[in-house]
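Everything below belongs to input-v3.cif, which stores mmCIF, N, CA and C atoms.
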```cif
data_target
#
loop_
_atom_site.label_atom_id
_atom_site.label_comp_id
_atom_site.auth_asym_id
_atom_site.auth_seq_id
_atom_site.Cartn_x
_atom_site.Cartn_y
_atom_site.Cartn_z
N MET A 1 272.93 229.50 33.20
CA MET A 1 271.82 228.94 32.45
C MET A 1 270.78 228.40 33.42
N LYS A 2 269.56 228.79 33.24
CA LYS A 2 268.48 228.35 34.12
C LYS A 2 267.72 227.20 33.48
N LEU A 3 267.45 226.18 34.30
CA LEU A 3 266.64 225.05 33.83
C LEU A 3 265.17 225.37 34.02
N PRO A 4 264.32 224.89 33.12
CA PRO A 4 262.88 225.05 33.33
C PRO A 4 262.46 224.32 34.61
N ILE A 5 261.33 224.67 35.16
CA ILE A 5 260.87 224.16 36.46
C ILE A 5 260.70 222.64 36.48
N ILE A 6 260.17 222.03 35.42
CA ILE A 6 259.93 220.59 35.40
C ILE A 6 261.24 219.81 35.54
N PRO A 7 262.28 220.12 34.76
CA PRO A 7 263.53 219.37 34.95
C PRO A 7 264.12 219.57 36.35
N LYS A 8 263.94 220.75 36.93
CA LYS A 8 264.43 220.97 38.30
C LYS A 8 263.70 220.05 39.28
N LEU A 9 262.39 219.96 39.12
CA LEU A 9 261.61 219.10 40.01
C LEU A 9 262.00 217.63 39.86
N ILE A 10 262.25 217.21 38.62
CA ILE A 10 262.66 215.83 38.38
C ILE A 10 264.01 215.57 39.03
N LEU A 11 264.93 216.51 38.91
CA LEU A 11 266.26 216.38 39.51
C LEU A 11 266.17 216.31 41.03
N ILE A 12 265.34 217.15 41.61
CA ILE A 12 265.15 217.15 43.07
C ILE A 12 264.53 215.83 43.51
N ALA A 13 263.49 215.38 42.82
CA ALA A 13 262.82 214.12 43.17
C ALA A 13 263.79 212.94 43.07
N ALA A 14 264.63 212.92 42.05
CA ALA A 14 265.60 211.84 41.89
C ALA A 14 266.62 211.86 43.02
N SER A 15 267.05 213.05 43.40
CA SER A 15 268.02 213.16 44.49
C SER A 15 267.44 212.68 45.81
N VAL A 16 266.21 213.09 46.10
CA VAL A 16 265.55 212.68 47.34
C VAL A 16 265.33 211.17 47.34
N SER A 17 264.92 210.60 46.22
CA SER A 17 264.71 209.16 46.12
C SER A 17 266.01 208.40 46.36
N ALA A 18 267.09 208.90 45.80
CA ALA A 18 268.38 208.24 45.99
C ALA A 18 268.79 208.27 47.45
N LEU A 19 268.59 209.39 48.12
CA LEU A 19 268.92 209.50 49.54
C LEU A 19 268.08 208.55 50.38
N LEU A 20 266.79 208.49 50.11
CA LEU A 20 265.91 207.60 50.86
C LEU A 20 266.27 206.14 50.63
N PHE A 21 266.58 205.77 49.41
CA PHE A 21 266.94 204.39 49.11
C PHE A 21 268.22 204.01 49.83
N CYS A 22 269.20 204.88 49.78
CA CYS A 22 270.49 204.57 50.43
C CYS A 22 270.34 204.47 51.94
N SER A 23 269.50 205.29 52.54
CA SER A 23 269.37 205.27 53.99
C SER A 23 268.58 204.07 54.50
N SER A 24 267.80 203.42 53.62
CA SER A 24 267.00 202.29 54.08
C SER A 24 267.76 200.97 54.00
N VAL A 25 268.87 200.94 53.30
CA VAL A 25 269.65 199.72 53.17
C VAL A 25 270.56 199.59 54.39
N PRO A 26 270.43 198.49 55.14
CA PRO A 26 271.28 198.34 56.33
C PRO A 26 272.76 198.27 55.97
N GLU A 27 273.56 198.81 56.87
CA GLU A 27 275.00 198.73 56.71
C GLU A 27 275.45 197.28 56.88
N GLU A 28 276.68 197.03 56.50
CA GLU A 28 277.28 195.72 56.75
C GLU A 28 277.48 195.58 58.25
N ILE A 29 277.06 194.48 58.81
CA ILE A 29 277.22 194.24 60.24
C ILE A 29 278.57 193.56 60.45
N GLU A 30 279.36 194.12 61.34
CA GLU A 30 280.69 193.59 61.61
C GLU A 30 280.60 192.20 62.24
N GLU A 31 281.59 191.40 61.96
CA GLU A 31 281.74 190.09 62.59
C GLU A 31 282.50 190.26 63.89
N GLY A 32 282.28 189.35 64.82
CA GLY A 32 283.12 189.27 66.00
C GLY A 32 282.92 190.33 67.07
N LEU A 33 281.78 191.04 67.05
CA LEU A 33 281.51 191.97 68.13
C LEU A 33 281.18 191.18 69.39
N THR A 34 281.36 191.79 70.53
CA THR A 34 280.96 191.13 71.77
C THR A 34 279.44 191.21 71.87
N PRO A 35 278.82 190.36 72.70
CA PRO A 35 277.38 190.45 72.87
C PRO A 35 276.93 191.86 73.26
N MET A 36 277.66 192.51 74.17
CA MET A 36 277.30 193.85 74.59
C MET A 36 277.37 194.84 73.43
N GLU A 37 278.37 194.69 72.57
CA GLU A 37 278.51 195.60 71.42
C GLU A 37 277.34 195.43 70.45
N TYR A 38 276.91 194.18 70.21
CA TYR A 38 275.76 193.97 69.33
C TYR A 38 274.52 194.67 69.90
N PHE A 39 274.28 194.49 71.19
CA PHE A 39 273.11 195.10 71.81
C PHE A 39 273.21 196.63 71.82
N GLN A 40 274.39 197.14 72.09
CA GLN A 40 274.59 198.59 72.11
C GLN A 40 274.32 199.19 70.73
N ARG A 41 274.87 198.57 69.71
CA ARG A 41 274.67 199.09 68.34
C ARG A 41 273.23 198.92 67.87
N ALA A 42 272.60 197.84 68.28
CA ALA A 42 271.18 197.65 67.94
C ALA A 42 270.34 198.74 68.60
N GLN A 43 270.64 199.06 69.86
CA GLN A 43 269.89 200.10 70.56
C GLN A 43 270.14 201.47 69.94
N GLU A 44 271.38 201.76 69.58
CA GLU A 44 271.71 203.04 68.94
C GLU A 44 270.97 203.18 67.62
N ALA A 45 270.92 202.10 66.83
CA ALA A 45 270.21 202.13 65.56
C ALA A 45 268.72 202.36 65.80
N SER A 46 268.15 201.69 66.78
CA SER A 46 266.74 201.86 67.11
C SER A 46 266.46 203.29 67.58
N ASP A 47 267.34 203.84 68.42
CA ASP A 47 267.16 205.20 68.91
C ASP A 47 267.17 206.24 67.79
N SER A 48 267.87 205.92 66.70
CA SER A 48 267.92 206.86 65.57
C SER A 48 266.95 206.45 64.46
N SER A 49 265.94 205.65 64.82
CA SER A 49 264.86 205.21 63.92
C SER A 49 265.37 204.39 62.73
N ARG A 50 266.45 203.69 62.91
CA ARG A 50 266.99 202.81 61.86
C ARG A 50 266.66 201.38 62.27
N TYR A 51 265.37 201.05 62.16
CA TYR A 51 264.86 199.80 62.70
C TYR A 51 265.37 198.56 61.96
N LYS A 52 265.53 198.65 60.64
CA LYS A 52 266.05 197.50 59.90
C LYS A 52 267.47 197.19 60.34
N LEU A 53 268.27 198.22 60.55
CA LEU A 53 269.63 198.02 61.01
C LEU A 53 269.63 197.43 62.42
N SER A 54 268.74 197.93 63.27
CA SER A 54 268.62 197.40 64.63
C SER A 54 268.31 195.91 64.60
N MET A 55 267.34 195.52 63.78
CA MET A 55 266.98 194.10 63.66
C MET A 55 268.15 193.29 63.12
N ALA A 56 268.90 193.87 62.19
CA ALA A 56 270.05 193.17 61.62
C ALA A 56 271.10 192.88 62.71
N TYR A 57 271.31 193.83 63.62
CA TYR A 57 272.25 193.60 64.72
C TYR A 57 271.76 192.46 65.63
N TYR A 58 270.46 192.47 65.97
CA TYR A 58 269.95 191.39 66.82
C TYR A 58 270.05 190.04 66.13
N GLU A 59 269.75 190.00 64.82
CA GLU A 59 269.83 188.74 64.10
C GLU A 59 271.27 188.25 63.99
N LYS A 60 272.18 189.17 63.75
CA LYS A 60 273.60 188.81 63.66
C LYS A 60 274.09 188.30 65.02
N PHE A 61 273.64 188.96 66.09
CA PHE A 61 273.98 188.49 67.43
C PHE A 61 273.55 187.04 67.61
N GLN A 62 272.32 186.71 67.20
CA GLN A 62 271.82 185.36 67.37
C GLN A 62 272.62 184.35 66.55
N GLU A 63 273.10 184.78 65.37
CA GLU A 63 273.95 183.90 64.56
C GLU A 63 275.30 183.66 65.25
N GLN A 64 275.89 184.73 65.76
CA GLN A 64 277.22 184.66 66.34
C GLN A 64 277.25 184.00 67.72
N TYR A 65 276.15 184.16 68.48
CA TYR A 65 276.12 183.67 69.86
C TYR A 65 274.86 182.84 70.12
N PRO A 66 274.69 181.72 69.43
CA PRO A 66 273.47 180.92 69.61
C PRO A 66 273.34 180.32 71.01
N ASP A 67 274.44 180.18 71.73
CA ASP A 67 274.39 179.58 73.06
C ASP A 67 274.09 180.60 74.16
N GLU A 68 274.00 181.86 73.82
CA GLU A 68 273.69 182.91 74.80
C GLU A 68 272.17 182.93 75.00
N ARG A 69 271.66 181.93 75.71
CA ARG A 69 270.20 181.76 75.83
C ARG A 69 269.51 182.98 76.41
N ASP A 70 270.03 183.51 77.51
CA ASP A 70 269.35 184.62 78.16
C ASP A 70 269.37 185.89 77.32
N ARG A 71 270.50 186.16 76.69
CA ARG A 71 270.56 187.35 75.83
C ARG A 71 269.73 187.16 74.57
N ASN A 72 269.67 185.94 74.05
CA ASN A 72 268.81 185.69 72.89
C ASN A 72 267.36 185.91 73.24
N LEU A 73 267.00 185.63 74.48
CA LEU A 73 265.65 185.89 74.96
C LEU A 73 265.32 187.38 74.77
N TRP A 74 266.24 188.25 75.19
CA TRP A 74 266.01 189.69 75.05
C TRP A 74 265.99 190.10 73.57
N ALA A 75 266.82 189.46 72.76
CA ALA A 75 266.84 189.78 71.33
C ALA A 75 265.49 189.43 70.69
N TYR A 76 264.92 188.27 71.05
CA TYR A 76 263.60 187.92 70.51
C TYR A 76 262.57 188.97 70.90
N TYR A 77 262.61 189.39 72.14
CA TYR A 77 261.67 190.42 72.60
C TYR A 77 261.86 191.71 71.81
N LYS A 78 263.09 192.15 71.66
CA LYS A 78 263.38 193.40 70.95
C LYS A 78 262.96 193.33 69.49
N MET A 79 263.01 192.13 68.90
CA MET A 79 262.63 191.96 67.50
C MET A 79 261.12 191.80 67.33
N GLY A 80 260.38 191.77 68.44
CA GLY A 80 258.93 191.64 68.36
C GLY A 80 258.45 190.21 68.18
N LYS A 81 259.33 189.24 68.42
CA LYS A 81 258.93 187.83 68.32
C LYS A 81 258.40 187.41 69.69
N ASN A 82 257.21 187.93 70.00
CA ASN A 82 256.67 187.83 71.36
C ASN A 82 256.37 186.41 71.82
N ARG A 83 255.89 185.55 70.95
CA ARG A 83 255.56 184.18 71.38
C ARG A 83 256.83 183.45 71.78
N ILE A 84 257.89 183.58 70.99
CA ILE A 84 259.17 182.93 71.34
C ILE A 84 259.72 183.54 72.62
N ALA A 85 259.69 184.87 72.70
CA ALA A 85 260.21 185.56 73.90
C ALA A 85 259.44 185.12 75.14
N LEU A 86 258.13 185.01 75.03
CA LEU A 86 257.31 184.61 76.17
C LEU A 86 257.69 183.21 76.65
N ASP A 87 257.87 182.29 75.72
CA ASP A 87 258.31 180.93 76.09
C ASP A 87 259.66 180.97 76.80
N ARG A 88 260.56 181.79 76.30
CA ARG A 88 261.90 181.88 76.89
C ARG A 88 261.86 182.56 78.27
N PHE A 89 261.01 183.58 78.42
CA PHE A 89 260.87 184.23 79.73
C PHE A 89 260.33 183.22 80.74
N ASP A 90 259.37 182.41 80.32
CA ASP A 90 258.82 181.39 81.22
C ASP A 90 259.91 180.42 81.67
N ALA A 91 260.78 180.01 80.74
CA ALA A 91 261.86 179.08 81.08
C ALA A 91 262.84 179.73 82.07
N LEU A 92 263.14 181.01 81.86
CA LEU A 92 264.04 181.71 82.77
C LEU A 92 263.41 181.84 84.16
N LEU A 93 262.13 182.20 84.19
CA LEU A 93 261.45 182.34 85.48
C LEU A 93 261.32 180.99 86.20
N ASP A 94 261.23 179.90 85.43
CA ASP A 94 261.21 178.57 86.04
C ASP A 94 262.51 178.29 86.79
N LYS A 95 263.63 178.77 86.23
CA LYS A 95 264.93 178.60 86.91
C LYS A 95 264.90 179.30 88.27
N TYR A 96 264.28 180.46 88.31
CA TYR A 96 264.18 181.19 89.59
C TYR A 96 263.28 180.42 90.56
N GLN A 97 262.16 179.88 90.06
CA GLN A 97 261.26 179.12 90.93
C GLN A 97 261.93 177.88 91.49
N GLN A 98 262.85 177.30 90.74
CA GLN A 98 263.56 176.11 91.19
C GLN A 98 264.65 176.46 92.20
N GLY A 99 264.85 177.77 92.43
CA GLY A 99 265.79 178.21 93.45
C GLY A 99 267.25 178.18 93.03
N ASP A 100 267.55 178.41 91.77
CA ASP A 100 268.94 178.43 91.31
C ASP A 100 269.67 179.59 92.01
N PRO A 101 270.60 179.29 92.93
CA PRO A 101 271.27 180.33 93.71
C PRO A 101 272.23 181.19 92.90
N SER A 102 272.59 180.76 91.70
CA SER A 102 273.54 181.53 90.89
C SER A 102 272.88 182.68 90.14
N LEU A 103 271.55 182.76 90.18
CA LEU A 103 270.84 183.80 89.43
C LEU A 103 270.65 185.05 90.28
N PRO A 104 271.06 186.22 89.75
CA PRO A 104 270.83 187.47 90.49
C PRO A 104 269.36 187.87 90.44
N ALA A 105 268.92 188.70 91.37
CA ALA A 105 267.51 189.08 91.48
C ALA A 105 267.06 190.01 90.36
N GLY A 106 267.94 190.88 89.90
CA GLY A 106 267.56 191.90 88.90
C GLY A 106 266.90 191.36 87.65
N PRO A 107 267.51 190.38 86.99
CA PRO A 107 266.90 189.85 85.77
C PRO A 107 265.52 189.24 86.00
N LYS A 108 265.29 188.68 87.19
CA LYS A 108 263.97 188.09 87.47
C LYS A 108 262.90 189.18 87.48
N ILE A 109 263.19 190.27 88.14
CA ILE A 109 262.22 191.38 88.22
C ILE A 109 261.93 191.92 86.83
N LEU A 110 262.99 192.14 86.04
CA LEU A 110 262.81 192.64 84.69
C LEU A 110 262.05 191.64 83.83
N ALA A 111 262.38 190.36 83.95
CA ALA A 111 261.71 189.33 83.16
C ALA A 111 260.22 189.29 83.48
N GLU A 112 259.87 189.42 84.76
CA GLU A 112 258.45 189.42 85.14
C GLU A 112 257.72 190.63 84.54
N LYS A 113 258.37 191.78 84.56
CA LYS A 113 257.74 192.99 84.01
C LYS A 113 257.57 192.89 82.50
N VAL A 114 258.61 192.42 81.81
CA VAL A 114 258.53 192.32 80.36
C VAL A 114 257.53 191.24 79.96
N LYS A 115 257.51 190.13 80.68
CA LYS A 115 256.52 189.07 80.40
C LYS A 115 255.11 189.63 80.52
N ALA A 116 254.85 190.40 81.56
CA ALA A 116 253.52 191.00 81.73
C ALA A 116 253.19 191.94 80.57
N ARG A 117 254.18 192.69 80.10
CA ARG A 117 253.97 193.60 78.97
C ARG A 117 253.65 192.82 77.70
N ILE A 118 254.36 191.71 77.48
CA ILE A 118 254.09 190.88 76.31
C ILE A 118 252.67 190.34 76.36
N ILE A 119 252.26 189.83 77.53
CA ILE A 119 250.91 189.27 77.66
C ILE A 119 249.85 190.33 77.38
N GLU A 120 250.09 191.57 77.82
CA GLU A 120 249.15 192.66 77.54
C GLU A 120 249.03 192.92 76.04
N GLN A 121 250.11 192.70 75.29
CA GLN A 121 250.13 192.99 73.86
C GLN A 121 249.57 191.85 73.01
N LEU A 122 249.45 190.66 73.60
CA LEU A 122 248.94 189.52 72.84
C LEU A 122 247.47 189.71 72.50
N PRO A 123 247.06 189.26 71.32
CA PRO A 123 245.63 189.26 71.01
C PRO A 123 244.89 188.40 72.02
N PRO A 124 243.62 188.73 72.35
CA PRO A 124 242.88 187.98 73.38
C PRO A 124 242.87 186.48 73.17
N GLU A 125 242.79 186.00 71.93
CA GLU A 125 242.73 184.56 71.71
C GLU A 125 244.05 183.88 72.04
N GLU A 126 245.17 184.59 72.05
CA GLU A 126 246.47 183.99 72.38
C GLU A 126 246.74 184.01 73.87
N GLU A 127 246.07 184.86 74.63
CA GLU A 127 246.33 184.97 76.06
C GLU A 127 246.04 183.67 76.80
N ALA A 128 245.05 182.92 76.32
CA ALA A 128 244.66 181.69 77.00
C ALA A 128 245.56 180.51 76.68
N VAL A 129 246.42 180.66 75.65
CA VAL A 129 247.29 179.57 75.25
C VAL A 129 248.43 179.45 76.25
N PRO A 130 248.56 178.30 76.94
CA PRO A 130 249.66 178.17 77.90
C PRO A 130 251.00 178.15 77.18
N THR A 131 252.00 178.73 77.82
CA THR A 131 253.35 178.72 77.26
C THR A 131 254.19 177.76 78.05
N ALA A 132 255.35 177.43 77.52
CA ALA A 132 256.24 176.50 78.21
C ALA A 132 256.55 177.01 79.60
N GLY A 133 256.45 176.17 80.55
CA GLY A 133 256.78 176.55 81.93
C GLY A 133 255.67 177.22 82.69
N SER A 134 254.53 177.47 82.06
CA SER A 134 253.43 178.12 82.79
C SER A 134 252.45 177.06 83.27
N SER A 135 251.77 177.38 84.31
CA SER A 135 250.78 176.46 84.86
C SER A 135 249.47 176.60 84.14
N PRO A 136 248.78 175.52 83.82
CA PRO A 136 247.48 175.60 83.13
C PRO A 136 246.41 176.16 84.04
#
```
How does this structure look as structure tokens?
Amino acid sequence: MKLPIIPKLILIAASVSALLFCSSVPEEIEEGLTPMEYFQRAQEASDSSRYKLSMAYYEKFQEQYPDERDRNLWAYYKMGKNRIALDRFDALLDKYQQGDPSLPAGPKILAEKVKARIIEQLPPEEEAVPTAGSSP
């Protein structure tokens, strides 16, 4: 039995809508992942254009590990919360300026590069606003 064209189109449209709706709802985020697992899964979700899921992983990480200051700094940056990230990058770079011998060189270089990228992305009126730890 053949269906007329209009009911076929309605059936196809309903199927496509259902697929799109289901794919946009983030999965349940597991409890108790390690910090590295949260970041890995957030990156995998981002790489596959599942941005809401990626943000959900970063937010869950921040809930589970609020004391992970340096990693939370990267999570803020990844979530596009540039003003918060910039303040946190300044605080991290201040630790380097104070000569904390326990800090490895790699994160400092990356922090400087990412901070510069954030400043480039800020609207011109925000560039002049001093952030925590920066010199006026």
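Our summary of the geometry notes that atom CA of A:Ala85 is positioned 11.6 Å from atom C of A:Lys113.
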- Message: Please expand the PyMOL selection byres ((chain A and resi 72-75) around 6.5) into the concrete residues it hits in this file, giving the result as a list in words.
- Response: Tyr58, Gln62, Glu68, Arg69, Asp70, Arg71, Tyr76, Tyr77, Lys78, Met79, Gly80, Ala85, Arg88 and Phe89 of chain A
- Item | Minimum-distance residue to A:Lys60, chosen among A:Asp47, A:Glu30, A:Glu120, A:Asp100 (using only C-alpha atoms) | A:Glu30
- Separation of atom N of A:Ala42 from atom N of A:Glu59, in Å and rounded to one decimal: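 Value for the atom N of A:Ala42-atom N of A:Glu59 distance: 9.0 Å.
Here atom N of A:Ala91 and atom N of A:Ser54 stand 26.3 Å from one another.
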- So which one's closest to A:Tyr65, A:Lys52, A:Lys115, A:Pro35, A:Gln97? Using all atoms listed in the file, please. A:Pro35
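Across A:Gly99, A:Ala56, A:Pro107, A:Ile84, the tightest approach to A:Ile29 is made by A:Ala56 when counting only N, CA and C atoms.
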- Item | Test item: residues at most 8 Å from A:Arg41, only N, CA and C atoms, excluding those fewer than 2 positions along its chain, as an NGL selection string | :A and (35-39 or 43-47 or 53-55 or 57-58)
Let's have the selection written as a PDB file, in the frame of the given file, with N, CA and C atoms.
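The resulting result-v2.pdb:
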```
ATOM      1  N   PRO A  35     278.820 190.360  72.700  1.00  0.00           N
ATOM      2  CA  PRO A  35     277.380 190.450  72.870  1.00  0.00           C
ATOM      3  C   PRO A  35     276.930 191.860  73.260  1.00  0.00           C
ATOM      4  N   MET A  36     277.660 192.510  74.170  1.00  0.00           N
ATOM      5  CA  MET A  36     277.300 193.850  74.590  1.00  0.00           C
ATOM      6  C   MET A  36     277.370 194.840  73.430  1.00  0.00           C
ATOM      7  N   GLU A  37     278.370 194.690  72.570  1.00  0.00           N
ATOM      8  CA  GLU A  37     278.510 195.600  71.420  1.00  0.00           C
ATOM      9  C   GLU A  37     277.340 195.430  70.450  1.00  0.00           C
ATOM     10  N   TYR A  38     276.910 194.180  70.210  1.00  0.00           N
ATOM     11  CA  TYR A  38     275.760 193.970  69.330  1.00  0.00           C
ATOM     12  C   TYR A  38     274.520 194.670  69.900  1.00  0.00           C
ATOM     13  N   PHE A  39     274.280 194.490  71.190  1.00  0.00           N
ATOM     14  CA  PHE A  39     273.110 195.100  71.810  1.00  0.00           C
ATOM     15  C   PHE A  39     273.210 196.630  71.820  1.00  0.00           C
ATOM     16  N   GLN A  43     270.640 199.060  69.860  1.00  0.00           N
ATOM     17  CA  GLN A  43     269.890 200.100  70.560  1.00  0.00           C
ATOM     18  C   GLN A  43     270.140 201.470  69.940  1.00  0.00           C
ATOM     19  N   GLU A  44     271.380 201.760  69.580  1.00  0.00           N
ATOM     20  CA  GLU A  44     271.710 203.040  68.940  1.00  0.00           C
ATOM     21  C   GLU A  44     270.970 203.180  67.620  1.00  0.00           C
ATOM     22  N   ALA A  45     270.920 202.100  66.830  1.00  0.00           N
ATOM     23  CA  ALA A  45     270.210 202.130  65.560  1.00  0.00           C
ATOM     24  C   ALA A  45     268.720 202.360  65.800  1.00  0.00           C
ATOM     25  N   SER A  46     268.150 201.690  66.780  1.00  0.00           N
ATOM     26  CA  SER A  46     266.740 201.860  67.110  1.00  0.00           C
ATOM     27  C   SER A  46     266.460 203.290  67.580  1.00  0.00           C
ATOM     28  N   ASP A  47     267.340 203.840  68.420  1.00  0.00           N
ATOM     29  CA  ASP A  47     267.160 205.200  68.910  1.00  0.00           C
ATOM     30  C   ASP A  47     267.170 206.240  67.790  1.00  0.00           C
ATOM     31  N   LEU A  53     268.270 198.220  60.550  1.00  0.00           N
ATOM     32  CA  LEU A  53     269.630 198.020  61.010  1.00  0.00           C
ATOM     33  C   LEU A  53     269.630 197.430  62.420  1.00  0.00           C
ATOM     34  N   SER A  54     268.740 197.930  63.270  1.00  0.00           N
ATOM     35  CA  SER A  54     268.620 197.400  64.630  1.00  0.00           C
ATOM     36  C   SER A  54     268.310 195.910  64.600  1.00  0.00           C
ATOM     37  N   MET A  55     267.340 195.520  63.780  1.00  0.00           N
ATOM     38  CA  MET A  55     266.980 194.100  63.660  1.00  0.00           C
ATOM     39  C   MET A  55     268.150 193.290  63.120  1.00  0.00           C
ATOM     40  N   TYR A  57     271.310 193.830  63.620  1.00  0.00           N
ATOM     41  CA  TYR A  57     272.250 193.600  64.720  1.00  0.00           C
ATOM     42  C   TYR A  57     271.760 192.460  65.630  1.00  0.00           C
ATOM     43  N   TYR A  58     270.460 192.470  65.970  1.00  0.00           N
ATOM     44  CA  TYR A  58     269.950 191.390  66.820  1.00  0.00           C
ATOM     45  C   TYR A  58     270.050 190.040  66.130  1.00  0.00           C
TER      46      TYR A  58
END
```
